[in-house]
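Below: the structure, in structure tokens.
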Amino acid sequence: MATQDTGHRMNQATSTSTSTTPLLHVCERCSSDLVNPTQWDQAGPELWAVTLGCPNCGHSRGGIFSQETVDAFDAILDDGYTLLLEELRQLTEANMAEEIACFVAALQVDALLPEDF
């Protein structure tokens, strides 16, 4: 992922235990589960400096997180990406079905002219 300087200071929030692993996808301010990374850079052998942004309330935060925490966050992001792709597929299919139905209806009443193409 490309990085950019967002001007946010990183908090030291290193996690080493699964039971205390922070939920990076959840906003600390509004509790939205749509938080996404705006920047991340390796900060050590098993540490990542991550800046997070909430699309709902605009809250931004950063921290230094363990590889384990970042891997868990990455898996959540991958799951979200998969869900978005499925939603897009379903929406595209529904839109195409509607367009086909309109086209068939227009054909049935001879409402199409050569100029329509």
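Chains: A, B, ... in order of the structure tokens. Residues: from 1 per chain. Ligands: from 1, in order shown.
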
Exercise. Got a sec: who's within 12 Å of A:Asp33, counting only C-alpha atoms, leaving out chain neighbours fewer than 5 positions off, as a list in words?
Worked result: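 Skipping anything fewer than 5 positions along the chain leaves Leu23, Leu24, His25, Val26, Cys27, Glu28, Leu52, Gly53, Cys54, Pro55, Asn56, Cys57, Phe73, Ile76, Leu77 and Gly80 of chain A.
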
Write a file of the selected residues as a PDB file, in the first residue's frame, keeping N, CA and C atoms.
```pdb
ATOM      1  N   LEU A  23      -9.199  -3.795  17.996  1.00  0.00           N
ATOM      2  CA  LEU A  23     -10.006  -3.964  16.792  1.00  0.00           C
ATOM      3  C   LEU A  23      -9.799  -2.731  15.926  1.00  0.00           C
ATOM      4  N   LEU A  24      -8.857  -2.794  15.014  1.00  0.00           N
ATOM      5  CA  LEU A  24      -8.489  -1.634  14.219  1.00  0.00           C
ATOM      6  C   LEU A  24      -9.604  -1.192  13.281  1.00  0.00           C
ATOM      7  N   HIS A  25     -10.523  -2.080  12.936  1.00  0.00           N
ATOM      8  CA  HIS A  25     -11.599  -1.734  12.009  1.00  0.00           C
ATOM      9  C   HIS A  25     -12.762  -1.009  12.687  1.00  0.00           C
ATOM     10  N   VAL A  26     -12.715  -0.852  14.016  1.00  0.00           N
ATOM     11  CA  VAL A  26     -13.793  -0.198  14.757  1.00  0.00           C
ATOM     12  C   VAL A  26     -13.343   1.201  15.186  1.00  0.00           C
ATOM     13  N   CYS A  27     -14.164   2.203  14.871  1.00  0.00           N
ATOM     14  CA  CYS A  27     -13.855   3.589  15.214  1.00  0.00           C
ATOM     15  C   CYS A  27     -13.990   3.806  16.717  1.00  0.00           C
ATOM     16  N   GLU A  28     -12.994   4.449  17.292  1.00  0.00           N
ATOM     17  CA  GLU A  28     -13.014   4.765  18.724  1.00  0.00           C
ATOM     18  C   GLU A  28     -14.055   5.830  19.056  1.00  0.00           C
ATOM     19  N   LEU A  52      -5.242   5.256  10.725  1.00  0.00           N
ATOM     20  CA  LEU A  52      -6.578   4.758  10.424  1.00  0.00           C
ATOM     21  C   LEU A  52      -7.551   5.920  10.265  1.00  0.00           C
ATOM     22  N   GLY A  53      -8.505   5.770   9.361  1.00  0.00           N
ATOM     23  CA  GLY A  53      -9.510   6.795   9.155  1.00  0.00           C
ATOM     24  C   GLY A  53     -10.904   6.199   9.140  1.00  0.00           C
ATOM     25  N   CYS A  54     -11.845   6.904   9.749  1.00  0.00           N
ATOM     26  CA  CYS A  54     -13.244   6.469   9.767  1.00  0.00           C
ATOM     27  C   CYS A  54     -14.019   7.230   8.697  1.00  0.00           C
ATOM     28  N   PRO A  55     -14.647   6.535   7.760  1.00  0.00           N
ATOM     29  CA  PRO A  55     -15.410   7.218   6.719  1.00  0.00           C
ATOM     30  C   PRO A  55     -16.732   7.790   7.227  1.00  0.00           C
ATOM     31  N   ASN A  56     -17.192   7.343   8.381  1.00  0.00           N
ATOM     32  CA  ASN A  56     -18.476   7.818   8.908  1.00  0.00           C
ATOM     33  C   ASN A  56     -18.352   9.157   9.627  1.00  0.00           C
ATOM     34  N   CYS A  57     -17.398   9.270  10.548  1.00  0.00           N
ATOM     35  CA  CYS A  57     -17.294  10.493  11.355  1.00  0.00           C
ATOM     36  C   CYS A  57     -16.040  11.304  11.055  1.00  0.00           C
ATOM     37  N   PHE A  73      -6.372  -7.404  11.141  1.00  0.00           N
ATOM     38  CA  PHE A  73      -7.008  -6.282  10.451  1.00  0.00           C
ATOM     39  C   PHE A  73      -7.046  -6.529   8.951  1.00  0.00           C
ATOM     40  N   ILE A  76      -9.778  -8.869   8.061  1.00  0.00           N
ATOM     41  CA  ILE A  76     -11.081  -8.189   8.098  1.00  0.00           C
ATOM     42  C   ILE A  76     -11.260  -7.345   6.838  1.00  0.00           C
ATOM     43  N   LEU A  77     -10.202  -6.658   6.418  1.00  0.00           N
ATOM     44  CA  LEU A  77     -10.269  -5.867   5.191  1.00  0.00           C
ATOM     45  C   LEU A  77     -10.534  -6.767   3.980  1.00  0.00           C
ATOM     46  N   GLY A  80     -14.137  -7.744   3.965  1.00  0.00           N
ATOM     47  CA  GLY A  80     -14.944  -6.617   3.507  1.00  0.00           C
ATOM     48  C   GLY A  80     -14.866  -6.442   2.006  1.00  0.00           C
TER      49      GLY A  80
END
```

For this session: Mind the document's chain letters and residue numbers, and return as a list in words the residues of stretch 24-99 of chain A that DSSP labels strand (DSSP E or B).
Result: Asn36, Pro37, Thr38, Gln39, Trp40, Asp41, Gln42, Ala43, Gly44, Leu47, Trp48, Ala49, Val50, Thr51, Leu52, Gly53, Ser60, Arg61, Gly62, Gly63, Ile64, Phe65 and Ser66 of chain A

For this session: Excluding A:Trp48 and any residue of its chain fewer than 2 positions from it, enumerate the residues within 8 Å of it, using only C-alpha atoms, and give them as a list of chain:residue names.
Result: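 Near A:Trp48, the qualifying residues are A:Trp40, A:Asp41, A:Gln42, A:Ala43, A:Gly44, A:Glu46, A:Val50, A:Ile64, A:Phe65, A:Ser66, A:Gln67, A:Val70.
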
Residues as selected, C-alpha atoms, written as a PDB file, in the first residue's frame, can you do that?
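Produced file part_25.pdb, reproduced below:
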```
ATOM      1  CA  TRP A  40       1.020   2.038   7.010  1.00  0.00           C
ATOM      2  CA  ASP A  41       4.737   1.518   7.216  1.00  0.00           C
ATOM      3  CA  GLN A  42       6.852  -1.134   8.848  1.00  0.00           C
ATOM      4  CA  ALA A  43       8.086   0.178  12.216  1.00  0.00           C
ATOM      5  CA  GLY A  44      10.192  -2.802  13.251  1.00  0.00           C
ATOM      6  CA  GLU A  46       7.133  -7.374  13.821  1.00  0.00           C
ATOM      7  CA  VAL A  50      -0.684   2.450  10.922  1.00  0.00           C
ATOM      8  CA  ILE A  64       2.232   1.113  16.357  1.00  0.00           C
ATOM      9  CA  PHE A  65       0.684  -2.339  16.148  1.00  0.00           C
ATOM     10  CA  SER A  66       2.009  -5.894  16.202  1.00  0.00           C
ATOM     11  CA  GLN A  67       2.181  -8.084  13.134  1.00  0.00           C
ATOM     12  CA  VAL A  70      -2.196  -6.023  11.513  1.00  0.00           C
TER      13      VAL A  70
END
```

For this session: For atom CA of A:Leu83 and atom CA of A:His59, determine how far apart the two atoms are, in Å to one decimal place.
Result: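 These two atoms are separated by 23.8 Å.
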
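Across the structure, atom CA of A:Gly62 and atom CA of A:Ser32 are spaced 16.3 Å apart.
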
Exercise. Which residues, written as a list in words, have at least one atom at most 12 Å from A:Cys102, with only C-alpha atoms counted and residues fewer than 6 positions away on the same chain left out?
Worked result: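 Those residues are Asn95, Met96, Gln108, Val109, Ala111 and Leu112 of chain A.
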
How would the residues just picked look written out with C-alpha atoms as a compact mmCIF listing (two decimals), in the first residue's frame?
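Everything below was put into selection_13.txt:
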```
# COMPACT_ATOMS: atom_id res chain seq x y z
CA ASN A 95 -29.52 -3.61 -13.00
CA MET A 96 -28.97 -5.77 -16.08
CA GLN A 108 -43.03 -5.99 -27.62
CA VAL A 109 -44.74 -2.67 -28.34
CA ALA A 111 -41.16 1.27 -29.41
CA LEU A 112 -37.61 0.88 -30.76
```

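The interatomic distance for the pair atom CA of A:Ser60 and atom CA of A:Asn36 works out to 9.7 Å.
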
For this session: Going by DSSP on the backbone, which bits of stretch 8-97 of chain A are alpha helix (DSSP H)? Write them as a ChimeraX atom specification, please.
Result: /A:67-97

Would you mind exporting N, CA and C atoms of the selected residues as a compact mmCIF listing (two decimals), in the first residue's frame?
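part10.txt was written with the following content:
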```
# COMPACT_ATOMS: atom_id res chain seq x y z
N GLN A 67 2.47 -7.37 14.38
CA GLN A 67 2.18 -8.08 13.13
C GLN A 67 0.87 -8.86 13.27
N GLU A 68 0.65 -9.46 14.43
CA GLU A 68 -0.56 -10.23 14.69
C GLU A 68 -1.81 -9.36 14.55
N THR A 69 -1.77 -8.17 15.12
CA THR A 69 -2.90 -7.24 15.05
C THR A 69 -3.14 -6.80 13.61
N VAL A 70 -2.07 -6.47 12.90
CA VAL A 70 -2.20 -6.02 11.51
C VAL A 70 -2.68 -7.17 10.62
N ASP A 71 -2.23 -8.39 10.89
CA ASP A 71 -2.71 -9.54 10.11
C ASP A 71 -4.21 -9.75 10.32
N ALA A 72 -4.67 -9.59 11.56
CA ALA A 72 -6.11 -9.73 11.85
C ALA A 72 -6.89 -8.63 11.13
N PHE A 73 -6.37 -7.40 11.14
CA PHE A 73 -7.01 -6.28 10.45
C PHE A 73 -7.05 -6.53 8.95
N ASP A 74 -5.95 -7.03 8.41
CA ASP A 74 -5.87 -7.32 6.98
C ASP A 74 -6.90 -8.38 6.58
N ALA A 75 -7.11 -9.38 7.43
CA ALA A 75 -8.12 -10.41 7.15
C ALA A 75 -9.52 -9.80 7.14
N ILE A 76 -9.78 -8.87 8.06
CA ILE A 76 -11.08 -8.19 8.10
C ILE A 76 -11.26 -7.35 6.84
N LEU A 77 -10.20 -6.66 6.42
CA LEU A 77 -10.27 -5.87 5.19
C LEU A 77 -10.53 -6.77 3.98
N ASP A 78 -9.87 -7.92 3.94
CA ASP A 78 -10.09 -8.87 2.84
C ASP A 78 -11.54 -9.36 2.82
N ASP A 79 -12.09 -9.66 4.00
CA ASP A 79 -13.49 -10.09 4.09
C ASP A 79 -14.42 -8.99 3.58
N GLY A 80 -14.14 -7.74 3.97
CA GLY A 80 -14.94 -6.62 3.51
C GLY A 80 -14.87 -6.44 2.01
N TYR A 81 -13.68 -6.62 1.45
CA TYR A 81 -13.49 -6.53 -0.01
C TYR A 81 -14.32 -7.60 -0.72
N THR A 82 -14.30 -8.81 -0.17
CA THR A 82 -15.07 -9.91 -0.74
C THR A 82 -16.56 -9.59 -0.71
N LEU A 83 -17.04 -9.04 0.42
CA LEU A 83 -18.45 -8.67 0.53
C LEU A 83 -18.82 -7.57 -0.46
N LEU A 84 -17.94 -6.58 -0.61
CA LEU A 84 -18.20 -5.52 -1.58
C LEU A 84 -18.29 -6.05 -3.00
N LEU A 85 -17.40 -6.97 -3.35
CA LEU A 85 -17.45 -7.55 -4.69
C LEU A 85 -18.74 -8.32 -4.92
N GLU A 86 -19.20 -9.05 -3.91
CA GLU A 86 -20.46 -9.80 -4.04
C GLU A 86 -21.64 -8.84 -4.17
N GLU A 87 -21.64 -7.78 -3.38
CA GLU A 87 -22.71 -6.78 -3.48
C GLU A 87 -22.70 -6.13 -4.87
N LEU A 88 -21.52 -5.83 -5.38
CA LEU A 88 -21.40 -5.25 -6.72
C LEU A 88 -21.94 -6.22 -7.77
N ARG A 89 -21.61 -7.49 -7.64
CA ARG A 89 -22.10 -8.49 -8.59
C ARG A 89 -23.62 -8.55 -8.57
N GLN A 90 -24.19 -8.58 -7.37
CA GLN A 90 -25.65 -8.65 -7.24
C GLN A 90 -26.32 -7.40 -7.79
N LEU A 91 -25.75 -6.24 -7.51
CA LEU A 91 -26.31 -4.99 -8.01
C LEU A 91 -26.22 -4.91 -9.53
N THR A 92 -25.09 -5.33 -10.07
CA THR A 92 -24.93 -5.35 -11.52
C THR A 92 -25.94 -6.28 -12.17
N GLU A 93 -26.11 -7.46 -11.58
CA GLU A 93 -27.07 -8.43 -12.10
C GLU A 93 -28.50 -7.87 -12.06
N ALA A 94 -28.87 -7.23 -10.95
CA ALA A 94 -30.21 -6.65 -10.83
C ALA A 94 -30.42 -5.53 -11.83
N ASN A 95 -29.41 -4.69 -12.03
CA ASN A 95 -29.52 -3.61 -13.00
C ASN A 95 -29.65 -4.14 -14.42
N MET A 96 -28.89 -5.17 -14.74
CA MET A 96 -28.97 -5.77 -16.08
C MET A 96 -30.33 -6.40 -16.31
N ALA A 97 -30.86 -7.07 -15.30
CA ALA A 97 -32.19 -7.69 -15.42
C ALA A 97 -33.24 -6.62 -15.68
```

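Taking only C-alpha atoms into account, A:Arg61 lies nearest to A:Arg29 out of the set A:Leu107, A:Phe117, A:Pro45, A:Arg29.
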
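Closest approach to A:Leu47 among A:Asp116, A:Gly63, A:Ile100, A:Val35 is made by A:Gly63 (distances from only C-alpha atoms).
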